[in-house]
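Peer 1: Structure incoming, see below.
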Amino acid sequence: SQQGEEDPQALSIQEGENATMNCSYKTSINNLQWYRQNSGRGLVHLILIRSNEREKHSGRLRVTLDTSKKSSSLLITASRAADTASYFCATEASGGYNKLIFGAGTRLAVHP
Amino acid sequence: DGGITQSPKYLFRKEGQNVTLSCEQNLNHDAMYWYRQDPGQGLRLIYYSQIVNDFQKGDIAEGYSVSREKKESFPLTVTSAQKNPTAFYLCASSSFAGGKDTQYFGPGTRLTVL
């Protein structure tokens with residue numbers, strides 16, 4: 001079963017609006033990462049947040065992590081049409097080799 | 001120009017054939033990974049390699065094989081034993097193995113079985 005699950009599955013907004021995507025996971029983690037994927041392309045790393053961090057910023061991106069609720073959110077402020085993509089959270093599973101487990105993603109569409 | 005490359009971009013295979021997908025990186029990364037992505041789905045780990053001449057099965061290794069003879073290269077062979085190989089395949093690398101590090105992805109290979 002997937003460790004991370006994003007919500008909503010799809011999000012449609014107008015340019016200039018903020019977009020919020022959520023990720024829930026099931027077991028304890030060491031860190032959580034957010035990636036972006038443009039249609040038919042590879043993934044691009046956005047932000048890594050460690051389990052002892054609560055909030056992290058990068059440009060128009062803001063990521064929060066609540067380990068007590070086993071959830072994270074990605075906020076994109078002042079969205080642009082170029083932000084249209086799928087966004088995935090990935091968590092580091094515990095036990096033996098610490099691999100990344102990806103959720104199914106949130107498909108964001110930003111309309112001009 | 002550093003990065004990770006995959007070839008070909010599109011690949012068509014007849015049933016019963018083996019095909020090999022190429023993945024090369026010049027980032028001097030120790031760890032490399034192969035993922036499979038189906039439409040509307042997340043990524044599932046096929047195989048990973050932490051170091052040259054070593055690799056481990058991921059979650060869905062059946063019907064796939066890999067080799068890691070060089071640090072820069074991690075080819076994936078999709079064998080005829082893979083029952084449903086049509087998918088988008090992504091290769092990634094990281095400085096060291098595990099989930100503590102950022103993974104850098106190639107552009108992907110879309111495999112279609114005819």
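Chain labels run A, B, ... following the order of the structure tokens; each chain numbers its residues from 1, and ligands are numbered from 1 in the order shown.
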Per residue of chain B within 8 Å of chain A, which atom pair is closest and at what distance in Å (one decimal), using only C-alpha atoms, listed by chain and increasing number, as a Markdown table?

Peer 2:
```
| residue | atom | partner | partner_atom | distance |
| --- | --- | --- | --- | --- |
| B:Gly40 | CA | A:Ala104 | CA | 6.9 |
| B:Gln41 | CA | A:Ala104 | CA | 4.7 |
| B:Gly42 | CA | A:Ala104 | CA | 3.9 |
| B:Leu43 | CA | A:Phe102 | CA | 5.7 |
| B:Arg44 | CA | A:Phe102 | CA | 7.3 |
| B:Leu90 | CA | A:Gly42 | CA | 6.7 |
| B:Ala97 | CA | A:Lys99 | CA | 7.8 |
| B:Gly98 | CA | A:Asn98 | CA | 4.5 |
| B:Gly99 | CA | A:Glu92 | CA | 4.7 |
| B:Lys100 | CA | A:Asn31 | CA | 6.8 |
| B:Thr102 | CA | A:His45 | CA | 6.8 |
| B:Gln103 | CA | A:His45 | CA | 7.1 |
| B:Tyr104 | CA | A:Val44 | CA | 6.9 |
| B:Phe105 | CA | A:Gly42 | CA | 5.5 |
| B:Gly106 | CA | A:Gly42 | CA | 5.5 |
| B:Pro107 | CA | A:Gly42 | CA | 4.3 |
| B:Gly108 | CA | A:Gly42 | CA | 5.7 |
```

Peer 1: Pull the strand (DSSP E) assignments for chain B out of DSSP run on the backbone, and list those residues as a PDB file with C-alpha atoms, in the first residue's frame.

Peer 2:
```pdb
ATOM      1  CA  ILE B   4      20.569  12.026 -16.143  1.00  0.00           C
ATOM      2  CA  THR B   5      19.535  10.794 -19.567  1.00  0.00           C
ATOM      3  CA  GLN B   6      17.243   8.021 -20.717  1.00  0.00           C
ATOM      4  CA  SER B   7      16.848   6.501 -24.132  1.00  0.00           C
ATOM      5  CA  TYR B  10       9.461   6.026 -26.954  1.00  0.00           C
ATOM      6  CA  LEU B  11       9.794   2.274 -27.357  1.00  0.00           C
ATOM      7  CA  PHE B  12       7.475  -0.233 -28.951  1.00  0.00           C
ATOM      8  CA  ARG B  13       7.758  -3.923 -28.245  1.00  0.00           C
ATOM      9  CA  VAL B  19      13.780  -4.789 -24.510  1.00  0.00           C
ATOM     10  CA  THR B  20      16.446  -2.770 -22.722  1.00  0.00           C
ATOM     11  CA  LEU B  21      15.998   0.790 -21.519  1.00  0.00           C
ATOM     12  CA  SER B  22      19.091   2.919 -21.122  1.00  0.00           C
ATOM     13  CA  CYS B  23      19.874   5.200 -18.169  1.00  0.00           C
ATOM     14  CA  GLU B  24      23.077   7.226 -17.882  1.00  0.00           C
ATOM     15  CA  GLN B  25      24.115   9.851 -15.326  1.00  0.00           C
ATOM     16  CA  ALA B  31      22.744   5.322  -6.099  1.00  0.00           C
ATOM     17  CA  MET B  32      20.455   4.722  -9.061  1.00  0.00           C
ATOM     18  CA  TYR B  33      16.821   3.664  -9.282  1.00  0.00           C
ATOM     19  CA  TRP B  34      14.208   2.461 -11.752  1.00  0.00           C
ATOM     20  CA  TYR B  35      10.540   3.327 -11.284  1.00  0.00           C
ATOM     21  CA  ARG B  36       7.415   2.418 -13.183  1.00  0.00           C
ATOM     22  CA  GLN B  37       4.516   4.867 -13.526  1.00  0.00           C
ATOM     23  CA  LEU B  43       5.839   5.787  -8.917  1.00  0.00           C
ATOM     24  CA  ARG B  44       6.603   2.206  -7.977  1.00  0.00           C
ATOM     25  CA  LEU B  45      10.171   1.058  -7.388  1.00  0.00           C
ATOM     26  CA  ILE B  46      11.407  -1.725  -9.669  1.00  0.00           C
ATOM     27  CA  TYR B  47      15.108  -2.029  -8.803  1.00  0.00           C
ATOM     28  CA  TYR B  48      17.728   0.085  -7.114  1.00  0.00           C
ATOM     29  CA  SER B  49      21.499   0.068  -6.886  1.00  0.00           C
ATOM     30  CA  GLN B  50      23.480   1.581  -4.041  1.00  0.00           C
ATOM     31  CA  ILE B  51      26.864   1.030  -5.603  1.00  0.00           C
ATOM     32  CA  ASP B  54      25.308  -4.279  -6.548  1.00  0.00           C
ATOM     33  CA  PHE B  55      21.546  -3.986  -6.965  1.00  0.00           C
ATOM     34  CA  GLN B  56      18.419  -4.902  -5.040  1.00  0.00           C
ATOM     35  CA  LYS B  57      14.842  -5.714  -5.950  1.00  0.00           C
ATOM     36  CA  TYR B  64      12.551  -7.072 -14.982  1.00  0.00           C
ATOM     37  CA  SER B  65      16.336  -7.327 -14.750  1.00  0.00           C
ATOM     38  CA  VAL B  66      19.141  -4.799 -14.293  1.00  0.00           C
ATOM     39  CA  LEU B  76      16.768  -1.974 -17.283  1.00  0.00           C
ATOM     40  CA  THR B  77      15.650  -4.993 -19.292  1.00  0.00           C
ATOM     41  CA  VAL B  78      11.930  -5.643 -19.549  1.00  0.00           C
ATOM     42  CA  ALA B  87       4.009   2.007 -18.839  1.00  0.00           C
ATOM     43  CA  PHE B  88       6.194   5.067 -18.362  1.00  0.00           C
ATOM     44  CA  TYR B  89       9.627   4.159 -16.952  1.00  0.00           C
ATOM     45  CA  LEU B  90      11.668   6.645 -14.955  1.00  0.00           C
ATOM     46  CA  CYS B  91      15.286   6.380 -13.912  1.00  0.00           C
ATOM     47  CA  ALA B  92      16.684   8.404 -11.017  1.00  0.00           C
ATOM     48  CA  SER B  93      19.926   8.859  -9.139  1.00  0.00           C
ATOM     49  CA  SER B  94      21.041  10.293  -5.818  1.00  0.00           C
ATOM     50  CA  TYR B 104      17.263  13.429  -9.741  1.00  0.00           C
ATOM     51  CA  PHE B 105      15.094  12.025 -12.507  1.00  0.00           C
ATOM     52  CA  THR B 109      10.892   6.186 -21.532  1.00  0.00           C
ATOM     53  CA  ARG B 110       7.358   5.340 -22.607  1.00  0.00           C
ATOM     54  CA  LEU B 111       7.113   1.647 -23.451  1.00  0.00           C
ATOM     55  CA  THR B 112       4.186   0.315 -25.427  1.00  0.00           C
ATOM     56  CA  VAL B 113       3.587  -3.357 -26.120  1.00  0.00           C
TER      57      VAL B 113
END
```

Peer 1: Taking only C-alpha atoms into account, name the residue in A:Asp83, A:Ala78, A:Ser72, A:Asn22 that is nearest to Asp7 (chain A).

Peer 2: A:Asn22

Peer 1: Can you pull out every residue within 10 Å of Ala109 (chain A), counting only C-alpha atoms, but drop anything in the same chain fewer than 2 positions away, and send it as an MDAnalysis selection string?

Peer 2: chainID A and resid 10:15 19 79:86 106:107 111:112

Peer 1: Restricting the calculation to only C-alpha atoms, which member of A:Leu108, A:Arg62, A:Asn38, A:Glu6 is positioned closest to Ser24 (chain A)?

Peer 2: A:Glu6

Peer 1: Enter the distance from CA of Ala61 (chain B) to CA of Lys9 (chain B), in Å, rounded to one decimal.

Peer 2: 21.6 Å

Peer 1: So how many Å separate CA of Ser28 (chain A) and CA of Lys56 (chain A), to one decimal?

Peer 2: 19.2 Å

Peer 1: Rank A:Met21, A:Thr77, A:Ser51, A:Thr27 by their smallest atom-to-atom distance to Leu65 (chain A), using only C-alpha atoms, and report the top residue only.

Peer 2: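 Between A:Met21, A:Thr77, A:Ser51, A:Thr27, the residue approaching Leu65 (chain A) most closely is A:Ser51.
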
Peer 1: Report, in Å with one decimal, the straight-line distance from CA of Ser71 (chain A) to CA of Glu55 (chain A).

Peer 2: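 The value is 12.1 Å.
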